[in-house]
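See below for protein-v6.pdb, which holds PDB, N, CA and C atoms.
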ATOM      1  N   MET O   8       0.842  -1.177   0.000
ATOM      2  CA  MET O   8       0.000   0.000   0.000
ATOM      3  C   MET O   8       0.891   1.246   0.000
ATOM      4  N   ILE O   9       0.462   2.250  -0.737
ATOM      5  CA  ILE O   9       1.161   3.525  -0.828
ATOM      6  C   ILE O   9       0.433   4.545   0.049
ATOM      7  N   HIS O  10       1.192   5.267   0.850
ATOM      8  CA  HIS O  10       0.649   6.312   1.720
ATOM      9  C   HIS O  10       1.187   7.659   1.231
ATOM     10  N   HIS O  11       0.296   8.613   1.072
ATOM     11  CA  HIS O  11       0.646   9.955   0.600
ATOM     12  C   HIS O  11       0.127  10.937   1.648
ATOM     13  N   ILE O  12       1.049  11.639   2.301
ATOM     14  CA  ILE O  12       0.688  12.562   3.377
ATOM     15  C   ILE O  12       1.173  13.959   3.005
ATOM     16  N   VAL O  13       0.283  14.935   3.136
ATOM     17  CA  VAL O  13       0.623  16.317   2.803
ATOM     18  C   VAL O  13       0.189  17.213   3.966
ATOM     19  N   PHE O  14       1.047  18.163   4.300
ATOM     20  CA  PHE O  14       0.736  19.187   5.306
ATOM     21  C   PHE O  14       0.860  20.554   4.643
ATOM     22  N   TRP O  15      -0.072  21.462   4.943
ATOM     23  CA  TRP O  15      -0.026  22.811   4.398
ATOM     24  C   TRP O  15      -0.105  23.850   5.501
ATOM     25  N   LYS O  16       0.644  24.925   5.316
ATOM     26  CA  LYS O  16       0.470  26.146   6.112
ATOM     27  C   LYS O  16      -0.205  27.150   5.190
ATOM     28  N   LEU O  17      -1.273  27.733   5.679
ATOM     29  CA  LEU O  17      -2.038  28.675   4.884
ATOM     30  C   LEU O  17      -1.504  30.098   5.019
ATOM     31  N   LYS O  18      -1.712  30.878   3.970
ATOM     32  CA  LYS O  18      -1.439  32.309   4.050
ATOM     33  C   LYS O  18      -2.458  32.911   5.024
ATOM     34  N   PRO O  19      -2.084  33.946   5.770
ATOM     35  CA  PRO O  19      -3.037  34.560   6.707
ATOM     36  C   PRO O  19      -4.326  35.018   6.017
ATOM     37  N   SER O  20      -4.188  35.461   4.774
ATOM     38  CA  SER O  20      -5.362  35.798   3.971
ATOM     39  C   SER O  20      -5.003  35.622   2.501
ATOM     40  N   ALA O  21      -6.007  35.256   1.723
ATOM     41  CA  ALA O  21      -5.845  35.083   0.281
ATOM     42  C   ALA O  21      -7.229  35.077  -0.345
ATOM     43  N   LEU O  22      -7.318  35.600  -1.536
ATOM     44  CA  LEU O  22      -8.594  35.638  -2.259
ATOM     45  C   LEU O  22      -9.682  36.348  -1.456
ATOM     46  N   ASP O  23      -9.284  37.391  -0.742
ATOM     47  CA  ASP O  23     -10.207  38.182   0.087
ATOM     48  C   ASP O  23     -10.886  37.372   1.188
ATOM     49  N   ARG O  24     -10.207  36.299   1.640
ATOM     50  CA  ARG O  24     -10.736  35.485   2.740
ATOM     51  C   ARG O  24      -9.629  35.213   3.732
ATOM     52  N   LYS O  25     -10.014  34.992   4.977
ATOM     53  CA  LYS O  25      -9.061  34.635   6.019
ATOM     54  C   LYS O  25      -8.647  33.178   5.866
ATOM     55  N   ALA O  26      -7.548  32.829   6.514
ATOM     56  CA  ALA O  26      -7.002  31.474   6.436
ATOM     57  C   ALA O  26      -8.038  30.431   6.846
ATOM     58  N   GLU O  27      -8.798  30.696   7.880
ATOM     59  CA  GLU O  27      -9.785  29.725   8.353
ATOM     60  C   GLU O  27     -10.806  29.388   7.269
ATOM     61  N   GLU O  28     -11.286  30.402   6.565
ATOM     62  CA  GLU O  28     -12.253  30.160   5.488
ATOM     63  C   GLU O  28     -11.621  29.367   4.345
ATOM     64  N   ASN O  29     -10.400  29.740   3.971
ATOM     65  CA  ASN O  29      -9.714  29.028   2.900
ATOM     66  C   ASN O  29      -9.398  27.591   3.303
ATOM     67  N   GLY O  30      -9.073  27.381   4.560
ATOM     68  CA  GLY O  30      -8.832  26.024   5.038
ATOM     69  C   GLY O  30     -10.063  25.151   4.911
ATOM     70  N   LYS O  31     -11.215  25.685   5.255
ATOM     71  CA  LYS O  31     -12.466  24.936   5.120
ATOM     72  C   LYS O  31     -12.752  24.605   3.659
ATOM     73  N   GLU O  32     -12.420  25.541   2.768
ATOM     74  CA  GLU O  32     -12.639  25.287   1.346
ATOM     75  C   GLU O  32     -11.676  24.230   0.816
ATOM     76  N   VAL O  33     -10.422  24.278   1.238
ATOM     77  CA  VAL O  33      -9.458  23.247   0.847
ATOM     78  C   VAL O  33      -9.963  21.876   1.311
ATOM     79  N   LYS O  34     -10.411  21.805   2.529
ATOM     80  CA  LYS O  34     -10.931  20.541   3.074
ATOM     81  C   LYS O  34     -12.121  20.044   2.250
ATOM     82  N   ARG O  35     -13.037  20.932   1.920
ATOM     83  CA  ARG O  35     -14.219  20.558   1.137
ATOM     84  C   ARG O  35     -13.810  20.040  -0.248
ATOM     85  N   LEU O  36     -12.906  20.748  -0.898
ATOM     86  CA  LEU O  36     -12.463  20.349  -2.239
ATOM     87  C   LEU O  36     -11.751  19.002  -2.222
ATOM     88  N   LEU O  37     -10.903  18.790  -1.228
ATOM     89  CA  LEU O  37     -10.186  17.521  -1.140
ATOM     90  C   LEU O  37     -11.144  16.355  -0.879
ATOM     91  N   ARG O  38     -12.080  16.536   0.017
ATOM     92  CA  ARG O  38     -13.050  15.460   0.305
ATOM     93  C   ARG O  38     -13.869  15.114  -0.932
ATOM     94  N   ALA O  39     -14.146  16.099  -1.766
ATOM     95  CA  ALA O  39     -14.939  15.863  -2.972
ATOM     96  C   ALA O  39     -14.207  14.989  -3.986
ATOM     97  N   LEU O  40     -12.894  14.826  -3.839
ATOM     98  CA  LEU O  40     -12.128  14.004  -4.779
ATOM     99  C   LEU O  40     -12.400  12.509  -4.626
ATOM    100  N   GLN O  41     -12.789  12.074  -3.441
ATOM    101  CA  GLN O  41     -12.932  10.643  -3.153
ATOM    102  C   GLN O  41     -13.742   9.898  -4.234
ATOM    103  N   PRO O  42     -14.937  10.352  -4.590
ATOM    104  CA  PRO O  42     -15.686   9.590  -5.607
ATOM    105  C   PRO O  42     -15.256   9.879  -7.045
ATOM    106  N   LEU O  43     -14.417  10.887  -7.242
ATOM    107  CA  LEU O  43     -14.063  11.323  -8.590
ATOM    108  C   LEU O  43     -12.783  10.711  -9.137
ATOM    109  N   VAL O  44     -11.913  10.243  -8.256
ATOM    110  CA  VAL O  44     -10.609   9.710  -8.675
ATOM    111  C   VAL O  44     -10.595   8.210  -8.382
ATOM    112  N   PRO O  45     -10.696   7.386  -9.408
ATOM    113  CA  PRO O  45     -10.828   5.945  -9.185
ATOM    114  C   PRO O  45      -9.646   5.285  -8.483
ATOM    115  N   THR O  46      -8.452   5.822  -8.623
ATOM    116  CA  THR O  46      -7.281   5.184  -8.006
ATOM    117  C   THR O  46      -7.114   5.530  -6.535
ATOM    118  N   LEU O  47      -7.908   6.449  -6.039
ATOM    119  CA  LEU O  47      -7.823   6.905  -4.647
ATOM    120  C   LEU O  47      -8.530   5.896  -3.749
ATOM    121  N   ARG O  48      -7.735   5.158  -2.961
ATOM    122  CA  ARG O  48      -8.296   4.097  -2.113
ATOM    123  C   ARG O  48      -8.967   4.665  -0.861
ATOM    124  N   SER O  49      -8.306   5.618  -0.182
ATOM    125  CA  SER O  49      -8.905   6.271   0.985
ATOM    126  C   SER O  49      -8.367   7.692   1.097
ATOM    127  N   LEU O  50      -9.143   8.532   1.758
ATOM    128  CA  LEU O  50      -8.769   9.937   1.927
ATOM    129  C   LEU O  50      -9.274  10.419   3.278
ATOM    130  N   SER O  51      -8.394  11.087   4.011
ATOM    131  CA  SER O  51      -8.760  11.735   5.260
ATOM    132  C   SER O  51      -8.095  13.094   5.273
ATOM    133  N   VAL O  52      -8.846  14.128   5.607
ATOM    134  CA  VAL O  52      -8.295  15.482   5.637
ATOM    135  C   VAL O  52      -8.856  16.198   6.856
ATOM    136  N   GLY O  53      -8.017  17.012   7.492
ATOM    137  CA  GLY O  53      -8.475  17.730   8.675
ATOM    138  C   GLY O  53      -7.742  19.026   8.884
ATOM    139  N   LEU O  54      -8.384  19.904   9.635
ATOM    140  CA  LEU O  54      -7.818  21.199  10.005
ATOM    141  C   LEU O  54      -7.238  21.099  11.408
ATOM    142  N   ASP O  55      -6.066  21.652  11.596
ATOM    143  CA  ASP O  55      -5.389  21.596  12.887
ATOM    144  C   ASP O  55      -6.163  22.373  13.947
ATOM    145  N   PHE O  56      -6.275  21.804  15.123
ATOM    146  CA  PHE O  56      -6.893  22.519  16.242
ATOM    147  C   PHE O  56      -5.870  22.888  17.305
ATOM    148  N   ASN O  57      -4.640  22.425  17.168
ATOM    149  CA  ASN O  57      -3.590  22.644  18.156
ATOM    150  C   ASN O  57      -3.075  24.081  18.143
ATOM    151  N   ARG O  58      -2.792  24.576  16.973
ATOM    152  CA  ARG O  58      -2.318  25.953  16.764
ATOM    153  C   ARG O  58      -0.960  26.248  17.397
ATOM    154  N   SER O  59      -0.127  25.237  17.570
ATOM    155  CA  SER O  59       1.225  25.501  18.054
ATOM    156  C   SER O  59       2.067  26.047  16.906
ATOM    157  N   ASP O  60       3.194  26.660  17.231
ATOM    158  CA  ASP O  60       4.067  27.214  16.194
ATOM    159  C   ASP O  60       4.579  26.142  15.237
ATOM    160  N   ALA O  61       4.706  24.928  15.713
ATOM    161  CA  ALA O  61       5.221  23.834  14.888
ATOM    162  C   ALA O  61       4.145  23.188  14.010
ATOM    163  N   ALA O  62       2.888  23.481  14.275
ATOM    164  CA  ALA O  62       1.791  22.813  13.580
ATOM    165  C   ALA O  62       1.550  23.394  12.194
ATOM    166  N   TYR O  63       1.127  22.521  11.295
ATOM    167  CA  TYR O  63       0.615  22.954   9.992
ATOM    168  C   TYR O  63      -0.882  23.162  10.142
ATOM    169  N   ASP O  64      -1.491  23.839   9.169
ATOM    170  CA  ASP O  64      -2.915  24.163   9.251
ATOM    171  C   ASP O  64      -3.827  23.039   8.760
ATOM    172  N   ILE O  65      -3.360  22.296   7.759
ATOM    173  CA  ILE O  65      -4.177  21.236   7.149
ATOM    174  C   ILE O  65      -3.308  20.006   6.949
ATOM    175  N   ALA O  66      -3.904  18.836   7.177
ATOM    176  CA  ALA O  66      -3.226  17.576   6.898
ATOM    177  C   ALA O  66      -4.116  16.741   5.982
ATOM    178  N   LEU O  67      -3.480  16.107   4.995
ATOM    179  CA  LEU O  67      -4.163  15.192   4.087
ATOM    180  C   LEU O  67      -3.460  13.853   4.157
ATOM    181  N   TYR O  68      -4.248  12.786   4.319
ATOM    182  CA  TYR O  68      -3.704  11.434   4.329
ATOM    183  C   TYR O  68      -4.491  10.625   3.311
ATOM    184  N   THR O  69      -3.795  10.104   2.293
ATOM    185  CA  THR O  69      -4.445   9.301   1.270
ATOM    186  C   THR O  69      -3.690   7.990   1.095
ATOM    187  N   THR O  70      -4.398   6.978   0.605
ATOM    188  CA  THR O  70      -3.752   5.700   0.312
ATOM    189  C   THR O  70      -4.102   5.261  -1.105
ATOM    190  N   PHE O  71      -3.169   4.481  -1.671
ATOM    191  CA  PHE O  71      -3.288   3.980  -3.040
ATOM    192  C   PHE O  71      -2.756   2.555  -3.076
ATOM    193  N   ASP O  72      -3.169   1.798  -4.071
ATOM    194  CA  ASP O  72      -2.706   0.420  -4.200
ATOM    195  C   ASP O  72      -1.284   0.332  -4.756
ATOM    196  N   SER O  73      -0.866   1.346  -5.514
ATOM    197  CA  SER O  73       0.450   1.295  -6.152
ATOM    198  C   SER O  73       0.987   2.698  -6.409
ATOM    199  N   GLN O  74       2.264   2.780  -6.713
ATOM    200  CA  GLN O  74       2.864   4.061  -7.068
ATOM    201  C   GLN O  74       2.228   4.607  -8.348
ATOM    202  N   GLU O  75       1.861   3.723  -9.251
ATOM    203  CA  GLU O  75       1.202   4.142 -10.492
ATOM    204  C   GLU O  75      -0.163   4.771 -10.196
ATOM    205  N   ASP O  76      -0.866   4.219  -9.213
ATOM    206  CA  ASP O  76      -2.162   4.795  -8.821
ATOM    207  C   ASP O  76      -1.983   6.177  -8.210
ATOM    208  N   LEU O  77      -0.929   6.358  -7.411
ATOM    209  CA  LEU O  77      -0.632   7.681  -6.858
ATOM    210  C   LEU O  77      -0.337   8.656  -7.984
ATOM    211  N   GLN O  78       0.462   8.238  -8.947
ATOM    212  CA  GLN O  78       0.784   9.104 -10.084
ATOM    213  C   GLN O  78      -0.476   9.471 -10.870
ATOM    214  N   ALA O  79      -1.364   8.516 -11.061
ATOM    215  CA  ALA O  79      -2.622   8.788 -11.768
ATOM    216  C   ALA O  79      -3.456   9.820 -11.015
ATOM    217  N   TYR O  80      -3.474   9.726  -9.700
ATOM    218  CA  TYR O  80      -4.168  10.715  -8.851
ATOM    219  C   TYR O  80      -3.553  12.098  -9.031
ATOM    220  N   GLN O  81      -2.242  12.155  -9.018
ATOM    221  CA  GLN O  81      -1.565  13.448  -9.080
ATOM    222  C   GLN O  81      -1.844  14.192 -10.378
ATOM    223  N   VAL O  82      -2.044  13.478 -11.470
ATOM    224  CA  VAL O  82      -2.288  14.141 -12.752
ATOM    225  C   VAL O  82      -3.769  14.160 -13.135
ATOM    226  N   HIS O  83      -4.617  13.565 -12.305
ATOM    227  CA  HIS O  83      -6.053  13.529 -12.602
ATOM    228  C   HIS O  83      -6.590  14.963 -12.711
ATOM    229  N   PRO O  84      -7.414  15.243 -13.716
ATOM    230  CA  PRO O  84      -7.936  16.610 -13.911
ATOM    231  C   PRO O  84      -8.667  17.183 -12.695
ATOM    232  N   GLU O  85      -9.421  16.361 -11.977
ATOM    233  CA  GLU O  85     -10.135  16.866 -10.787
ATOM    234  C   GLU O  85      -9.148  17.232  -9.678
ATOM    235  N   HIS O  86      -8.103  16.434  -9.525
ATOM    236  CA  HIS O  86      -7.073  16.760  -8.541
ATOM    237  C   HIS O  86      -6.346  18.037  -8.950
ATOM    238  N   GLN O  87      -6.077  18.203 -10.217
ATOM    239  CA  GLN O  87      -5.383  19.400 -10.688
ATOM    240  C   GLN O  87      -6.204  20.669 -10.444
ATOM    241  N   LYS O  88      -7.525  20.569 -10.494
ATOM    242  CA  LYS O  88      -8.382  21.718 -10.145
ATOM    243  C   LYS O  88      -8.171  22.118  -8.685
ATOM    244  N   VAL O  89      -8.082  21.117  -7.808
ATOM    245  CA  VAL O  89      -7.852  21.387  -6.386
ATOM    246  C   VAL O  89      -6.461  21.990  -6.195
ATOM    247  N   VAL O  90      -5.467  21.435  -6.864
ATOM    248  CA  VAL O  90      -4.097  21.955  -6.785
ATOM    249  C   VAL O  90      -4.068  23.431  -7.174
ATOM    250  N   SER O  91      -4.804  23.784  -8.203
ATOM    251  CA  SER O  91      -4.844  25.177  -8.660
ATOM    252  C   SER O  91      -5.350  26.108  -7.561
ATOM    253  N   PHE O  92      -6.426  25.711  -6.881
ATOM    254  CA  PHE O  92      -6.947  26.534  -5.785
ATOM    255  C   PHE O  92      -5.970  26.560  -4.609
ATOM    256  N   VAL O  93      -5.497  25.400  -4.215
ATOM    257  CA  VAL O  93      -4.617  25.290  -3.053
ATOM    258  C   VAL O  93      -3.374  26.161  -3.238
ATOM    259  N   SER O  94      -2.826  26.183  -4.433
ATOM    260  CA  SER O  94      -1.606  26.956  -4.665
ATOM    261  C   SER O  94      -1.800  28.454  -4.447
ATOM    262  N   THR O  95      -3.031  28.928  -4.498
ATOM    263  CA  THR O  95      -3.289  30.357  -4.281
ATOM    264  C   THR O  95      -3.450  30.715  -2.808
ATOM    265  N   VAL O  96      -3.712  29.735  -1.949
ATOM    266  CA  VAL O  96      -3.990  30.037  -0.542
ATOM    267  C   VAL O  96      -2.940  29.486   0.419
ATOM    268  N   VAL O  97      -1.985  28.722  -0.089
ATOM    269  CA  VAL O  97      -0.999  28.051   0.758
ATOM    270  C   VAL O  97       0.337  28.783   0.749
ATOM    271  N   ALA O  98       0.925  28.905   1.928
ATOM    272  CA  ALA O  98       2.245  29.531   2.065
ATOM    273  C   ALA O  98       3.357  28.500   1.932
ATOM    274  N   SER O  99       3.146  27.288   2.465
ATOM    275  CA  SER O  99       4.161  26.240   2.380
ATOM    276  C   SER O  99       3.506  24.884   2.558
ATOM    277  N   ARG O 100       4.254  23.849   2.167
ATOM    278  CA  ARG O 100       3.753  22.491   2.318
ATOM    279  C   ARG O 100       4.889  21.515   2.546
ATOM    280  N   ALA O 101       4.526  20.364   3.084
ATOM    281  CA  ALA O 101       5.465  19.259   3.271
ATOM    282  C   ALA O 101       4.742  17.996   2.799
ATOM    283  N   VAL O 102       5.495  17.087   2.194
ATOM    284  CA  VAL O 102       4.931  15.868   1.638
ATOM    285  C   VAL O 102       5.792  14.676   2.005
ATOM    286  N   VAL O 103       5.138  13.556   2.323
ATOM    287  CA  VAL O 103       5.841  12.278   2.508
ATOM    288  C   VAL O 103       5.032  11.222   1.771
ATOM    289  N   ASP O 104       5.723  10.452   0.927
ATOM    290  CA  ASP O 104       5.138   9.302   0.250
ATOM    291  C   ASP O 104       5.934   8.076   0.685
ATOM    292  N   PHE O 105       5.239   7.028   1.136
ATOM    293  CA  PHE O 105       5.959   5.819   1.521
ATOM    294  C   PHE O 105       5.106   4.594   1.242
ATOM    295  N   GLU O 106       5.772   3.454   1.211
ATOM    296  CA  GLU O 106       5.128   2.186   0.945
ATOM    297  C   GLU O 106       5.348   1.257   2.139
ATOM    298  N   ASP O 107       4.294   0.512   2.485
ATOM    299  CA  ASP O 107       4.476  -0.483   3.552
ATOM    300  C   ASP O 107       4.000  -1.834   3.105
TER     301      ASP O 107
END

Translate this structure into structure tokens?
Amino acid sequence: MIHHIVFWKLKPSALDRKAEENGKEVKRLLRALQPLVPTLRSLSVGLDFNRSDAAYDIALYTTFDSQEDLQAYQVHPEHQKVVSFVSTVVASRAVVDFED
């Protein structure tokens, strides 16, 4: 199984909205991918409630059957729509992909 984990720090404001509003929209858009991307085995996304200096604002955890399935997800048109929005509201991100 392939695990794909992404963390984002949001800009304090973007697109005339505060980070909290943009975070909720990122979460909504990511959750909507589940039925649209056939290679996506599972998806969990959440907004941080800790608010420590070390914390990121959003975490995404997805699983795939293979590296090829992850690649198909990454280039899927519906995922690319989400990437387009996310890139306008995110200040930084971290990613880990691993297989177990």

- Message: Suppose a student applies the PyMOL selection byres ((chain O and resi 43-52) around 7) to this structure; what residues should they get, written as a ChimeraX atom specification?
- Response: /O:34,38-42,53-54,65-72,76-77,79-80,85

- Task: Find, counting all atoms listed in the file, the residue in O:Lys25, O:Met8, O:Val13, O:Leu36 that gets nearest to Val103 in chain O.
- Result: O:Val13

- Query: What does the PyMOL selection byres (((chain O and resi 64 and name CA) around 12) and name CA) select in this file, as a PyMOL selection string?
  - Reply: chain O and resi 13-19+26-31+33-34+52-63+65-67+96-101

Just-selected residues, N, CA and C atoms written as an mmCIF file, keeping the file's coordinate frame:
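The resulting file, out-v1.cif, is reproduced below:
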data_model
loop_
_atom_site.group_PDB
_atom_site.id
_atom_site.type_symbol
_atom_site.label_atom_id
_atom_site.label_comp_id
_atom_site.auth_asym_id
_atom_site.auth_seq_id
_atom_site.Cartn_x
_atom_site.Cartn_y
_atom_site.Cartn_z
ATOM 1 N N VAL O 13 0.283 14.935 3.136
ATOM 2 C CA VAL O 13 0.623 16.317 2.803
ATOM 3 C C VAL O 13 0.189 17.213 3.966
ATOM 4 N N PHE O 14 1.047 18.163 4.300
ATOM 5 C CA PHE O 14 0.736 19.187 5.306
ATOM 6 C C PHE O 14 0.860 20.554 4.643
ATOM 7 N N TRP O 15 -0.072 21.462 4.943
ATOM 8 C CA TRP O 15 -0.026 22.811 4.398
ATOM 9 C C TRP O 15 -0.105 23.850 5.501
ATOM 10 N N LYS O 16 0.644 24.925 5.316
ATOM 11 C CA LYS O 16 0.470 26.146 6.112
ATOM 12 C C LYS O 16 -0.205 27.150 5.190
ATOM 13 N N LEU O 17 -1.273 27.733 5.679
ATOM 14 C CA LEU O 17 -2.038 28.675 4.884
ATOM 15 C C LEU O 17 -1.504 30.098 5.019
ATOM 16 N N LYS O 18 -1.712 30.878 3.970
ATOM 17 C CA LYS O 18 -1.439 32.309 4.050
ATOM 18 C C LYS O 18 -2.458 32.911 5.024
ATOM 19 N N PRO O 19 -2.084 33.946 5.770
ATOM 20 C CA PRO O 19 -3.037 34.560 6.707
ATOM 21 C C PRO O 19 -4.326 35.018 6.017
ATOM 22 N N ALA O 26 -7.548 32.829 6.514
ATOM 23 C CA ALA O 26 -7.002 31.474 6.436
ATOM 24 C C ALA O 26 -8.038 30.431 6.846
ATOM 25 N N GLU O 27 -8.798 30.696 7.880
ATOM 26 C CA GLU O 27 -9.785 29.725 8.353
ATOM 27 C C GLU O 27 -10.806 29.388 7.269
ATOM 28 N N GLU O 28 -11.286 30.402 6.565
ATOM 29 C CA GLU O 28 -12.253 30.160 5.488
ATOM 30 C C GLU O 28 -11.621 29.367 4.345
ATOM 31 N N ASN O 29 -10.400 29.740 3.971
ATOM 32 C CA ASN O 29 -9.714 29.028 2.900
ATOM 33 C C ASN O 29 -9.398 27.591 3.303
ATOM 34 N N GLY O 30 -9.073 27.381 4.560
ATOM 35 C CA GLY O 30 -8.832 26.024 5.038
ATOM 36 C C GLY O 30 -10.063 25.151 4.911
ATOM 37 N N LYS O 31 -11.215 25.685 5.255
ATOM 38 C CA LYS O 31 -12.466 24.936 5.120
ATOM 39 C C LYS O 31 -12.752 24.605 3.659
ATOM 40 N N VAL O 33 -10.422 24.278 1.238
ATOM 41 C CA VAL O 33 -9.458 23.247 0.847
ATOM 42 C C VAL O 33 -9.963 21.876 1.311
ATOM 43 N N LYS O 34 -10.411 21.805 2.529
ATOM 44 C CA LYS O 34 -10.931 20.541 3.074
ATOM 45 C C LYS O 34 -12.121 20.044 2.250
ATOM 46 N N VAL O 52 -8.846 14.128 5.607
ATOM 47 C CA VAL O 52 -8.295 15.482 5.637
ATOM 48 C C VAL O 52 -8.856 16.198 6.856
ATOM 49 N N GLY O 53 -8.017 17.012 7.492
ATOM 50 C CA GLY O 53 -8.475 17.730 8.675
ATOM 51 C C GLY O 53 -7.742 19.026 8.884
ATOM 52 N N LEU O 54 -8.384 19.904 9.635
ATOM 53 C CA LEU O 54 -7.818 21.199 10.005
ATOM 54 C C LEU O 54 -7.238 21.099 11.408
ATOM 55 N N ASP O 55 -6.066 21.652 11.596
ATOM 56 C CA ASP O 55 -5.389 21.596 12.887
ATOM 57 C C ASP O 55 -6.163 22.373 13.947
ATOM 58 N N PHE O 56 -6.275 21.804 15.123
ATOM 59 C CA PHE O 56 -6.893 22.519 16.242
ATOM 60 C C PHE O 56 -5.870 22.888 17.305
ATOM 61 N N ASN O 57 -4.640 22.425 17.168
ATOM 62 C CA ASN O 57 -3.590 22.644 18.156
ATOM 63 C C ASN O 57 -3.075 24.081 18.143
ATOM 64 N N ARG O 58 -2.792 24.576 16.973
ATOM 65 C CA ARG O 58 -2.318 25.953 16.764
ATOM 66 C C ARG O 58 -0.960 26.248 17.397
ATOM 67 N N SER O 59 -0.127 25.237 17.570
ATOM 68 C CA SER O 59 1.225 25.501 18.054
ATOM 69 C C SER O 59 2.067 26.047 16.906
ATOM 70 N N ASP O 60 3.194 26.660 17.231
ATOM 71 C CA ASP O 60 4.067 27.214 16.194
ATOM 72 C C ASP O 60 4.579 26.142 15.237
ATOM 73 N N ALA O 61 4.706 24.928 15.713
ATOM 74 C CA ALA O 61 5.221 23.834 14.888
ATOM 75 C C ALA O 61 4.145 23.188 14.010
ATOM 76 N N ALA O 62 2.888 23.481 14.275
ATOM 77 C CA ALA O 62 1.791 22.813 13.580
ATOM 78 C C ALA O 62 1.550 23.394 12.194
ATOM 79 N N TYR O 63 1.127 22.521 11.295
ATOM 80 C CA TYR O 63 0.615 22.954 9.992
ATOM 81 C C TYR O 63 -0.882 23.162 10.142
ATOM 82 N N ILE O 65 -3.360 22.296 7.759
ATOM 83 C CA ILE O 65 -4.177 21.236 7.149
ATOM 84 C C ILE O 65 -3.308 20.006 6.949
ATOM 85 N N ALA O 66 -3.904 18.836 7.177
ATOM 86 C CA ALA O 66 -3.226 17.576 6.898
ATOM 87 C C ALA O 66 -4.116 16.741 5.982
ATOM 88 N N LEU O 67 -3.480 16.107 4.995
ATOM 89 C CA LEU O 67 -4.163 15.192 4.087
ATOM 90 C C LEU O 67 -3.460 13.853 4.157
ATOM 91 N N VAL O 96 -3.712 29.735 -1.949
ATOM 92 C CA VAL O 96 -3.990 30.037 -0.542
ATOM 93 C C VAL O 96 -2.940 29.486 0.419
ATOM 94 N N VAL O 97 -1.985 28.722 -0.089
ATOM 95 C CA VAL O 97 -0.999 28.051 0.758
ATOM 96 C C VAL O 97 0.337 28.783 0.749
ATOM 97 N N ALA O 98 0.925 28.905 1.928
ATOM 98 C CA ALA O 98 2.245 29.531 2.065
ATOM 99 C C ALA O 98 3.357 28.500 1.932
ATOM 100 N N SER O 99 3.146 27.288 2.465
ATOM 101 C CA SER O 99 4.161 26.240 2.380
ATOM 102 C C SER O 99 3.506 24.884 2.558
ATOM 103 N N ARG O 100 4.254 23.849 2.167
ATOM 104 C CA ARG O 100 3.753 22.491 2.318
ATOM 105 C C ARG O 100 4.889 21.515 2.546
ATOM 106 N N ALA O 101 4.526 20.364 3.084
ATOM 107 C CA ALA O 101 5.465 19.259 3.271
ATOM 108 C C ALA O 101 4.742 17.996 2.799
#

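From atom C of Pro84 in chain O back to CA of Ser20 in chain O, the distance works out to 25.2 Å.
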
- Query: Where in chain O does DSSP assign strand (DSSP E or B), given as number ranges by chain?
  - Reply: O: 9-17, 20-21, 24-25, 49-54, 65-71, 97-106

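Interatomic distance, atom C of Asp107 in chain O against atom N of Gln81 in chain O: 19.5 Å.
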
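With only N, CA and C atoms as the atoms that count, the residue of O:Glu106, O:Ile9, O:Arg35, O:Leu22 with the shortest distance to Ser73 in chain O is O:Ile9.
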
- Task: Record the distance separating atom C of Glu32 in chain O and atom C of Phe105 in chain O, expressed in Å with one decimal.
- Result: 25.8 Å

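In this comparison, which uses only N, CA and C atoms, the residue of O:Val89, O:Val82, O:Arg24, O:Ile12 approaching Leu37 in chain O most closely is O:Val89.
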
Quick one: what's the axis-aligned box for range 79-98 of chain O, all listed atoms, 6 Å on every side, centre and edges in Å to one decimal, as lines of an AutoDock Vina configuration file?
center_x = -3.4
center_y = 19.6
center_z = -5.9
size_x = 25.5
size_y = 34.2
size_z = 28.0

- Task: Mind the document's chain letters and residue numbers, and return as JSON, numbers by chain the residues of chain O that DSSP labels alpha helix (DSSP H).
- Result: {"O": [26, 27, 28, 29, 30, 31, 32, 33, 34, 35, 36, 37, 38, 74, 75, 76, 77, 78, 79, 80, 81, 82, 84, 85, 86, 87, 88, 89, 90, 91, 92, 93, 94, 95, 96]}
